[in-house]
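**Q** Before we start, here is the structure in question, set down as structure tokens.
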Amino acid sequence: MTTARQLRGLRKNELAKQVGLTPAAVSQYELAQSRPSASVVAQLAMALGVPAAFFASGHPHPAMPSAAHFRSLRATTQLQRDQALAFGKIAWQLVTTVEKYVELPTVVLPRLPIPSDPTRSEVAAAAQQARSALGVKSGPLPHVTRLLEAHGVVVMELPPVSERVDAFSHWYGSRPIIFRNPLKNDLPRSRFDVAHEVGHLIMHLDAEPGSRIVENQAHDFAAEFLMPRAEIADELPRRLDWETLYSLKLRWGTSLKALVYRAHSIGVFRDTTYKRAMMALSQHGDPEPCDLGPRESPALLESAVRLCEETGVPFAEIVARSGLPAELADQVYTTATMTRPRINLKPNPDTEEPSDSPDNAYGFLQLVEG
């Protein structure tokens, strides 16, 4: 009942008003201190948009070893965060049901608790350990989302009602799930957001979420994860050279702002150069120059469901076993199937034929299959 209420973005007093109860009665029902009558259950189900059977199916709560990390606690209300977390519980329930039929990739994401006040070099070392654990030897990461999915991380979008939540991640038991903002349809930003959340999943098991310090650590992690200092330092221009920065954006799959910030943080750009570059980008506004296309699309949950269907297990059976209302299950599944066909007229260097891959419009992107 709590999950359904939070998913609809309702406070207890608002739900109580809709069904003619007192807020105290709603609290007692959610805490299992009293049981509602059948007629009250029907009213609650109607108000929350779920079938009455949803309350009786005995939904387990995922084991959460740490608090969820939201990008900014000030930018979102507790109600919005609760709504996002409730959606996360529903998503976890569907994922665990799918796992009863299909063996998802083993999670290899390391958990590397860092000191309470780590240096930037310690954060960078954690990012390098993560790249190593994920089998990345050197160079740009071809497709961050598919790389993580191939190593057991589930990536999906939040529903539109949670659009003010920038992104968040959580360990649901032993399975990490990353939720992205549905309105960010920019390739570099989506890659950096996912890498930022990986930093939280790896480093911040016990850290208090939402603090500027913790967020800066995840930011530094993402920068090293996507643009290792040892590799990119010699490629960055020593002066403000936009053409070189454009080519680096294409090669590394990161935004111009991230590249400029990276150049400044590792001492390649002086303060004056950094400020001039950021001012120019600010004046240009969004989207910034040299568009790389839409965000990376996840494929893990969609592939798993398709495999179930190919082996005689229809999605309707998965939904029924999950105990979720069909509407909610469809909503979760939709957020994990963001693939759209996309025309690419750039020849593939190996075949000299145009590639029709939805995420391979630029040379640095190669899809990871299987």
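Letters A, B, ... go to the chains of the structure tokens in the order shown; residues in each chain start at 1; ligands are counted from 1 in the same order.
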Would you mind writing down, as a ChimeraX atom specification, each residue of stretch 73-248 of chain A that DSSP on the backbone assigns to helix (DSSP H, G or I)?

**A** /A:78-98,120-133,144-149,160-162,187-203,212-226,229-232,242-248

**Q** Give me the residues within 10 Å of stretch 243-257 of chain A as a PDB file with N, CA, C and O atoms, in the first residue's frame, counting only C-alpha atoms and dropping any in the same chain fewer than 5 places off.

**A**
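Full text of around_8.pdb as output:
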ATOM      1  N   GLY A 139      41.452   3.404 -23.712  1.00  0.00           N
ATOM      2  CA  GLY A 139      40.670   4.129 -24.686  1.00  0.00           C
ATOM      3  C   GLY A 139      39.253   4.430 -24.246  1.00  0.00           C
ATOM      4  O   GLY A 139      38.832   4.098 -23.129  1.00  0.00           O
ATOM      5  N   PRO A 140      38.480   5.067 -25.137  1.00  0.00           N
ATOM      6  CA  PRO A 140      37.089   5.421 -24.815  1.00  0.00           C
ATOM      7  C   PRO A 140      36.236   4.183 -24.594  1.00  0.00           C
ATOM      8  O   PRO A 140      36.497   3.123 -25.166  1.00  0.00           O
ATOM      9  N   LEU A 141      35.211   4.324 -23.765  1.00  0.00           N
ATOM     10  CA  LEU A 141      34.249   3.244 -23.554  1.00  0.00           C
ATOM     11  C   LEU A 141      33.256   3.266 -24.715  1.00  0.00           C
ATOM     12  O   LEU A 141      32.567   4.268 -24.918  1.00  0.00           O
ATOM     13  N   PRO A 142      33.172   2.192 -25.491  1.00  0.00           N
ATOM     14  CA  PRO A 142      32.320   2.208 -26.688  1.00  0.00           C
ATOM     15  C   PRO A 142      30.862   2.527 -26.398  1.00  0.00           C
ATOM     16  O   PRO A 142      30.255   3.342 -27.064  1.00  0.00           O
ATOM     17  N   HIS A 143      30.283   1.875 -25.389  1.00  0.00           N
ATOM     18  CA  HIS A 143      28.859   2.053 -25.082  1.00  0.00           C
ATOM     19  C   HIS A 143      28.706   1.766 -23.596  1.00  0.00           C
ATOM     20  O   HIS A 143      28.668   0.618 -23.165  1.00  0.00           O
ATOM     21  N   VAL A 144      28.632   2.820 -22.803  1.00  0.00           N
ATOM     22  CA  VAL A 144      28.660   2.674 -21.351  1.00  0.00           C
ATOM     23  C   VAL A 144      27.494   1.818 -20.854  1.00  0.00           C
ATOM     24  O   VAL A 144      27.665   0.923 -20.024  1.00  0.00           O
ATOM     25  N   ASP A 186      20.387  13.275 -24.638  1.00  0.00           N
ATOM     26  CA  ASP A 186      21.665  13.716 -25.180  1.00  0.00           C
ATOM     27  C   ASP A 186      22.703  12.642 -24.893  1.00  0.00           C
ATOM     28  O   ASP A 186      22.861  12.211 -23.746  1.00  0.00           O
ATOM     29  N   LEU A 187      23.395  12.189 -25.907  1.00  0.00           N
ATOM     30  CA  LEU A 187      24.332  11.070 -25.750  1.00  0.00           C
ATOM     31  C   LEU A 187      25.419  11.327 -24.710  1.00  0.00           C
ATOM     32  O   LEU A 187      25.582  10.524 -23.785  1.00  0.00           O
ATOM     33  N   PRO A 188      26.207  12.413 -24.814  1.00  0.00           N
ATOM     34  CA  PRO A 188      27.257  12.615 -23.810  1.00  0.00           C
ATOM     35  C   PRO A 188      26.728  12.714 -22.386  1.00  0.00           C
ATOM     36  O   PRO A 188      27.322  12.171 -21.453  1.00  0.00           O
ATOM     37  N   ARG A 189      25.604  13.417 -22.200  1.00  0.00           N
ATOM     38  CA  ARG A 189      25.058  13.575 -20.849  1.00  0.00           C
ATOM     39  C   ARG A 189      24.579  12.241 -20.299  1.00  0.00           C
ATOM     40  O   ARG A 189      24.733  11.955 -19.103  1.00  0.00           O
ATOM     41  N   SER A 190      23.982  11.417 -21.149  1.00  0.00           N
ATOM     42  CA  SER A 190      23.504  10.115 -20.658  1.00  0.00           C
ATOM     43  C   SER A 190      24.676   9.241 -20.248  1.00  0.00           C
ATOM     44  O   SER A 190      24.605   8.525 -19.241  1.00  0.00           O
ATOM     45  N   ARG A 191      25.769   9.294 -20.995  1.00  0.00           N
ATOM     46  CA  ARG A 191      26.951   8.495 -20.653  1.00  0.00           C
ATOM     47  C   ARG A 191      27.550   8.970 -19.330  1.00  0.00           C
ATOM     48  O   ARG A 191      27.932   8.163 -18.481  1.00  0.00           O
ATOM     49  N   PHE A 192      27.641  10.292 -19.174  1.00  0.00           N
ATOM     50  CA  PHE A 192      28.231  10.819 -17.949  1.00  0.00           C
ATOM     51  C   PHE A 192      27.331  10.538 -16.752  1.00  0.00           C
ATOM     52  O   PHE A 192      27.815  10.203 -15.661  1.00  0.00           O
ATOM     53  N   ALA A 223      34.513  11.246 -14.546  1.00  0.00           N
ATOM     54  CA  ALA A 223      35.502  11.851 -15.439  1.00  0.00           C
ATOM     55  C   ALA A 223      36.668  10.895 -15.693  1.00  0.00           C
ATOM     56  O   ALA A 223      37.113  10.718 -16.835  1.00  0.00           O
ATOM     57  N   LEU A 226      35.441   7.719 -17.726  1.00  0.00           N
ATOM     58  CA  LEU A 226      35.223   7.956 -19.158  1.00  0.00           C
ATOM     59  C   LEU A 226      36.450   8.510 -19.862  1.00  0.00           C
ATOM     60  O   LEU A 226      36.655   8.235 -21.056  1.00  0.00           O
ATOM     61  N   MET A 227      37.258   9.299 -19.146  1.00  0.00           N
ATOM     62  CA  MET A 227      38.412   9.974 -19.751  1.00  0.00           C
ATOM     63  C   MET A 227      39.630   9.819 -18.849  1.00  0.00           C
ATOM     64  O   MET A 227      40.009  10.763 -18.144  1.00  0.00           O
ATOM     65  N   ILE A 232      44.089  10.805 -21.726  1.00  0.00           N
ATOM     66  CA  ILE A 232      43.542  11.989 -22.387  1.00  0.00           C
ATOM     67  C   ILE A 232      44.409  13.230 -22.218  1.00  0.00           C
ATOM     68  O   ILE A 232      44.299  14.184 -22.993  1.00  0.00           O
ATOM     69  N   GLU A 235      46.144  14.367 -25.246  1.00  0.00           N
ATOM     70  CA  GLU A 235      45.268  14.669 -26.376  1.00  0.00           C
ATOM     71  C   GLU A 235      44.604  16.035 -26.247  1.00  0.00           C
ATOM     72  O   GLU A 235      44.173  16.616 -27.249  1.00  0.00           O
ATOM     73  N   LEU A 236      44.496  16.547 -25.024  1.00  0.00           N
ATOM     74  CA  LEU A 236      43.841  17.826 -24.803  1.00  0.00           C
ATOM     75  C   LEU A 236      44.714  18.978 -25.307  1.00  0.00           C
ATOM     76  O   LEU A 236      45.931  18.960 -25.129  1.00  0.00           O
ATOM     77  N   PRO A 237      44.104  19.985 -25.931  1.00  0.00           N
ATOM     78  CA  PRO A 237      44.893  21.128 -26.407  1.00  0.00           C
ATOM     79  C   PRO A 237      45.373  21.984 -25.243  1.00  0.00           C
ATOM     80  O   PRO A 237      44.723  22.058 -24.201  1.00  0.00           O
ATOM     81  N   ARG A 262      37.553  18.745 -17.452  1.00  0.00           N
ATOM     82  CA  ARG A 262      38.625  17.763 -17.291  1.00  0.00           C
ATOM     83  C   ARG A 262      39.982  18.403 -17.540  1.00  0.00           C
ATOM     84  O   ARG A 262      40.944  18.171 -16.798  1.00  0.00           O
ATOM     85  N   ALA A 263      40.074  19.207 -18.591  1.00  0.00           N
ATOM     86  CA  ALA A 263      41.335  19.876 -18.914  1.00  0.00           C
ATOM     87  C   ALA A 263      41.783  20.790 -17.783  1.00  0.00           C
ATOM     88  O   ALA A 263      42.981  20.886 -17.469  1.00  0.00           O
ATOM     89  N   TYR A 274      39.991  28.205 -18.809  1.00  0.00           N
ATOM     90  CA  TYR A 274      38.809  27.466 -18.367  1.00  0.00           C
ATOM     91  C   TYR A 274      37.592  28.391 -18.282  1.00  0.00           C
ATOM     92  O   TYR A 274      36.507  28.056 -18.795  1.00  0.00           O
ATOM     93  N   ALA A 277      36.378  29.402 -21.747  1.00  0.00           N
ATOM     94  CA  ALA A 277      35.690  28.304 -22.431  1.00  0.00           C
ATOM     95  C   ALA A 277      34.290  28.089 -21.862  1.00  0.00           C
ATOM     96  O   ALA A 277      33.312  27.934 -22.612  1.00  0.00           O
ATOM     97  N   MET A 278      34.161  28.071 -20.539  1.00  0.00           N
ATOM     98  CA  MET A 278      32.864  27.847 -19.924  1.00  0.00           C
ATOM     99  C   MET A 278      31.905  29.000 -20.203  1.00  0.00           C
ATOM    100  O   MET A 278      30.690  28.792 -20.379  1.00  0.00           O
ATOM    101  N   LEU A 281      30.567  28.470 -23.744  1.00  0.00           N
ATOM    102  CA  LEU A 281      29.573  27.392 -23.786  1.00  0.00           C
ATOM    103  C   LEU A 281      28.279  27.837 -23.128  1.00  0.00           C
ATOM    104  O   LEU A 281      27.189  27.471 -23.576  1.00  0.00           O
ATOM    105  N   SER A 282      28.382  28.619 -22.065  1.00  0.00           N
ATOM    106  CA  SER A 282      27.187  29.120 -21.389  1.00  0.00           C
ATOM    107  C   SER A 282      26.403  30.058 -22.293  1.00  0.00           C
ATOM    108  O   SER A 282      25.169  30.001 -22.354  1.00  0.00           O
ATOM    109  N   GLU A 288      24.708  22.021 -26.823  1.00  0.00           N
ATOM    110  CA  GLU A 288      25.993  22.571 -27.152  1.00  0.00           C
ATOM    111  C   GLU A 288      26.410  22.142 -28.558  1.00  0.00           C
ATOM    112  O   GLU A 288      25.812  21.232 -29.139  1.00  0.00           O
ATOM    113  N   PRO A 289      27.439  22.766 -29.129  1.00  0.00           N
ATOM    114  CA  PRO A 289      27.863  22.418 -30.491  1.00  0.00           C
ATOM    115  C   PRO A 289      28.300  20.960 -30.618  1.00  0.00           C
ATOM    116  O   PRO A 289      28.638  20.305 -29.637  1.00  0.00           O
ATOM    117  N   CYS A 290      28.263  20.462 -31.851  1.00  0.00           N
ATOM    118  CA  CYS A 290      28.720  19.108 -32.177  1.00  0.00           C
ATOM    119  C   CYS A 290      27.828  18.052 -31.523  1.00  0.00           C
ATOM    120  O   CYS A 290      28.270  17.263 -30.696  1.00  0.00           O
ATOM    121  N   ASP A 291      26.563  18.055 -31.906  1.00  0.00           N
ATOM    122  CA  ASP A 291      25.596  17.112 -31.350  1.00  0.00           C
ATOM    123  C   ASP A 291      25.968  15.680 -31.723  1.00  0.00           C
ATOM    124  O   ASP A 291      26.266  15.388 -32.879  1.00  0.00           O
ATOM    125  N   LEU A 292      25.934  14.772 -30.748  1.00  0.00           N
ATOM    126  CA  LEU A 292      26.257  13.363 -30.998  1.00  0.00           C
ATOM    127  C   LEU A 292      25.025  12.475 -31.049  1.00  0.00           C
ATOM    128  O   LEU A 292      25.147  11.255 -31.157  1.00  0.00           O
ATOM    129  N   TYR A 362      28.316   7.236 -34.760  1.00  0.00           N
ATOM    130  CA  TYR A 362      29.632   7.844 -34.715  1.00  0.00           C
ATOM    131  C   TYR A 362      30.676   6.759 -34.533  1.00  0.00           C
ATOM    132  O   TYR A 362      30.437   5.720 -33.955  1.00  0.00           O
ATOM    133  N   GLY A 363      31.859   7.037 -35.043  1.00  0.00           N
ATOM    134  CA  GLY A 363      32.882   6.011 -35.104  1.00  0.00           C
ATOM    135  C   GLY A 363      33.277   5.403 -33.786  1.00  0.00           C
ATOM    136  O   GLY A 363      33.683   4.251 -33.732  1.00  0.00           O
ATOM    137  N   PHE A 364      33.165   6.155 -32.681  1.00  0.00           N
ATOM    138  CA  PHE A 364      33.661   5.627 -31.411  1.00  0.00           C
ATOM    139  C   PHE A 364      32.686   4.671 -30.754  1.00  0.00           C
ATOM    140  O   PHE A 364      33.005   4.039 -29.765  1.00  0.00           O
ATOM    141  N   LEU A 365      31.471   4.536 -31.299  1.00  0.00           N
ATOM    142  CA  LEU A 365      30.470   3.672 -30.673  1.00  0.00           C
ATOM    143  C   LEU A 365      30.381   2.337 -31.388  1.00  0.00           C
ATOM    144  O   LEU A 365      30.178   2.278 -32.585  1.00  0.00           O
TER     145      LEU A 365
END

**Q** Pick out the closest residue to A:His170 from this set: A:Trp92, A:Tyr333, A:Tyr29, A:Trp242. Count only C-alpha atoms.

**A** A:Trp92

**Q** Here is a test: counting only C-alpha atoms, which residue of A:Ile202, A:Glu317, A:Ala133, A:Asp330 is nearest to A:Trp171?

**A** A:Ile202

**Q** Write out as a PyMOL selection string which residues come within 12 Å of A:Asp220 when counting only C-alpha atoms, dropping same-chain ones fewer than 3 positions away.

**A** chain A and resi 118-128+192-193+195-200+203+213-217+223-229+258+261-262+265-266

**Q** So how far away is atom CA of A:Arg295 from atom CA of A:Cys308, in Å?

**A**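 Separation of atom CA of A:Cys308 and atom CA of A:Arg295: 26.7 Å.
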
**Q** To one decimal in Å, tell me the separation between atom CA of A:Arg11 and atom CA of A:Ser27.

**A**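 Separation of atom CA of A:Arg11 and atom CA of A:Ser27: 10.6 Å.
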
**Q** When you look at A:Leu109 with a cut-off of 10 Å (counting only C-alpha atoms), what residues show up, excluding the ones that are within fewer than 3 positions of it in the same chain? I need them as a VMD selection string.

**A** chain A and resid 106 112 129 to 131 133 to 134 148 151 to 153 175 to 176 198 201 to 202

**Q** Kindly export the residues of the current selection with N, CA, C and O atoms, as a compact mmCIF listing (two decimals), in the first residue's frame.

**A**
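File produced: selection_2.txt:
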# COMPACT_ATOMS: atom_id res chain seq x y z
N THR A 106 26.09 -12.08 -14.70
CA THR A 106 26.60 -11.99 -13.33
C THR A 106 27.09 -10.57 -13.05
O THR A 106 27.73 -9.94 -13.89
N LEU A 112 33.87 -0.74 -3.65
CA LEU A 112 35.14 -0.25 -3.16
C LEU A 112 34.93 0.94 -2.23
O LEU A 112 35.09 2.10 -2.63
N GLN A 129 40.02 0.83 -11.16
CA GLN A 129 39.68 -0.54 -10.74
C GLN A 129 38.36 -0.98 -11.38
O GLN A 129 38.20 -2.14 -11.76
N ALA A 130 37.43 -0.04 -11.49
CA ALA A 130 36.15 -0.36 -12.12
C ALA A 130 36.33 -0.69 -13.59
O ALA A 130 35.76 -1.65 -14.10
N ARG A 131 37.14 0.09 -14.30
CA ARG A 131 37.41 -0.18 -15.71
C ARG A 131 38.05 -1.56 -15.88
O ARG A 131 37.69 -2.33 -16.78
N ALA A 133 37.80 -4.14 -13.78
CA ALA A 133 36.83 -5.18 -13.45
C ALA A 133 35.86 -5.43 -14.59
O ALA A 133 35.39 -6.55 -14.80
N LEU A 134 35.56 -4.37 -15.35
CA LEU A 134 34.63 -4.48 -16.48
C LEU A 134 35.32 -4.88 -17.77
O LEU A 134 34.69 -4.92 -18.83
N LEU A 148 27.83 -1.93 -19.00
CA LEU A 148 27.32 -2.22 -17.66
C LEU A 148 26.31 -3.35 -17.68
O LEU A 148 26.32 -4.23 -16.82
N HIS A 151 27.61 -6.71 -17.73
CA HIS A 151 28.20 -7.12 -16.46
C HIS A 151 27.19 -7.03 -15.31
O HIS A 151 27.57 -6.80 -14.15
N GLY A 152 25.91 -7.18 -15.64
CA GLY A 152 24.90 -7.39 -14.62
C GLY A 152 24.17 -6.19 -14.07
O GLY A 152 23.34 -6.34 -13.18
N VAL A 153 24.47 -4.99 -14.57
CA VAL A 153 23.79 -3.79 -14.09
C VAL A 153 22.55 -3.54 -14.95
O VAL A 153 22.63 -3.55 -16.18
N ARG A 175 21.80 -6.94 -6.93
CA ARG A 175 21.64 -6.45 -8.31
C ARG A 175 21.56 -4.92 -8.32
O ARG A 175 20.64 -4.34 -7.76
N PRO A 176 22.51 -4.22 -8.94
CA PRO A 176 22.42 -2.76 -9.02
C PRO A 176 21.52 -2.33 -10.18
O PRO A 176 21.53 -2.94 -11.25
N VAL A 198 27.50 4.94 -11.46
CA VAL A 198 28.42 3.83 -11.19
C VAL A 198 29.36 4.20 -10.05
O VAL A 198 29.66 3.38 -9.18
N LEU A 201 27.49 3.65 -6.86
CA LEU A 201 27.31 2.22 -6.58
C LEU A 201 28.59 1.57 -6.08
O LEU A 201 28.56 0.69 -5.22
N ILE A 202 29.71 2.02 -6.59
CA ILE A 202 31.00 1.41 -6.24
C ILE A 202 31.57 1.98 -4.94
O ILE A 202 32.06 1.24 -4.09

**Q** A:Val319: which residues within 7 Å, counting only C-alpha atoms, same-chain residues fewer than 5 positions away excluded, as a PDB file with N, CA and C atoms, in the first residue's frame?

**A**
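Printed below is around.pdb as written:
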ATOM      1  N   LEU A 324       2.310  -7.948 -10.210  1.00  0.00           N
ATOM      2  CA  LEU A 324       2.151  -6.533 -10.528  1.00  0.00           C
ATOM      3  C   LEU A 324       0.941  -6.318 -11.422  1.00  0.00           C
ATOM      4  N   ALA A 326      -0.864  -5.129 -14.676  1.00  0.00           N
ATOM      5  CA  ALA A 326      -0.337  -5.104 -16.043  1.00  0.00           C
ATOM      6  C   ALA A 326       0.126  -3.709 -16.432  1.00  0.00           C
ATOM      7  N   ALA A 329       3.568  -3.062 -14.834  1.00  0.00           N
ATOM      8  CA  ALA A 329       4.591  -3.894 -15.470  1.00  0.00           C
ATOM      9  C   ALA A 329       4.929  -3.363 -16.863  1.00  0.00           C
TER      10      ALA A 329
END

**Q** Taking the chain letters and numbering used in this document, name the residues of stretch 115-314 of chain A that DSSP puts in strand (DSSP E or B), as a list in words.

**A**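 Matching residues for strand (DSSP E or B) in stretch 115-314 of chain A are Val154, Val155, Met156, Glu157, Ala167, Phe168, Ser169, His170, Trp171, Tyr172, Arg175, Pro176, Ile177, Ile178, Phe179 and Arg180 of chain A.
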
**Q** Got a sec: who's within 8 Å of A:Pro325, counting only C-alpha atoms, leaving out chain neighbours fewer than 5 positions off, as a ChimeraX atom specification?

**A** /A:50-51,54,319

**Q** For all heavy atoms, I'd like the residues from the last selection saved as a compact mmCIF listing (two decimals), in the first residue's frame.

**A**
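As written to disk, part-v3.txt reads:
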# COMPACT_ATOMS: atom_id res chain seq x y z
N VAL A 50 -4.66 0.63 -8.76
CA VAL A 50 -4.16 -0.74 -8.79
C VAL A 50 -5.33 -1.68 -8.48
O VAL A 50 -6.29 -1.27 -7.81
CB VAL A 50 -3.03 -0.98 -7.76
CG1 VAL A 50 -1.81 -0.14 -8.10
CG2 VAL A 50 -3.50 -0.68 -6.35
N PRO A 51 -5.27 -2.92 -8.94
CA PRO A 51 -6.32 -3.86 -8.55
C PRO A 51 -6.21 -4.21 -7.07
O PRO A 51 -5.13 -4.15 -6.48
CB PRO A 51 -6.04 -5.07 -9.44
CG PRO A 51 -4.59 -4.97 -9.78
CD PRO A 51 -4.29 -3.52 -9.86
N PHE A 54 -3.50 -6.43 -5.75
CA PHE A 54 -2.14 -5.92 -5.56
C PHE A 54 -1.77 -5.88 -4.08
O PHE A 54 -0.62 -6.12 -3.71
CB PHE A 54 -2.05 -4.51 -6.16
CG PHE A 54 -0.69 -3.87 -6.03
CD1 PHE A 54 0.37 -4.28 -6.83
CD2 PHE A 54 -0.47 -2.86 -5.11
CE1 PHE A 54 1.62 -3.68 -6.71
CE2 PHE A 54 0.77 -2.26 -4.98
CZ PHE A 54 1.82 -2.68 -5.79
N VAL A 319 4.25 -11.23 -15.98
CA VAL A 319 3.52 -10.21 -15.22
C VAL A 319 2.65 -10.86 -14.15
O VAL A 319 2.61 -10.42 -13.00
CB VAL A 319 2.68 -9.33 -16.16
CG1 VAL A 319 1.81 -8.36 -15.35
CG2 VAL A 319 3.57 -8.56 -17.12

**Q** Rank A:Val194, A:Val102, A:Leu205, A:Ala16 by their smallest atom-to-atom distance to A:Ala222, using only C-alpha atoms, and report the top residue only.

**A**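 Of A:Val194, A:Val102, A:Leu205, A:Ala16, the one nearest A:Ala222, counting only C-alpha atoms, is A:Val194.
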
**Q** Taking only C-alpha atoms into account, which of A:Gln331, A:Ser138, A:Gln28, A:Thr22 comes nearest A:Glu231?

**A** A:Ser138

**Q** When distances are computed from only C-alpha atoms, which of A:Ala150, A:Leu259, A:Ala84, A:Val19 shows the smallest separation from A:Ser39?

**A**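 That would be A:Val19, the residue with the smallest distance to A:Ser39.
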
**Q** With only C-alpha atoms as the basis for distance, which of A:Val40, A:His204, A:Leu158, A:Arg276 is at the shortest distance from A:Thr337?

**A**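 Residue with the minimum atom-to-atom distance to A:Thr337: A:Leu158.
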
**Q** Separation of atom CA of A:Arg35 and atom CA of A:Ala52, in Å?

**A** 13.5 Å
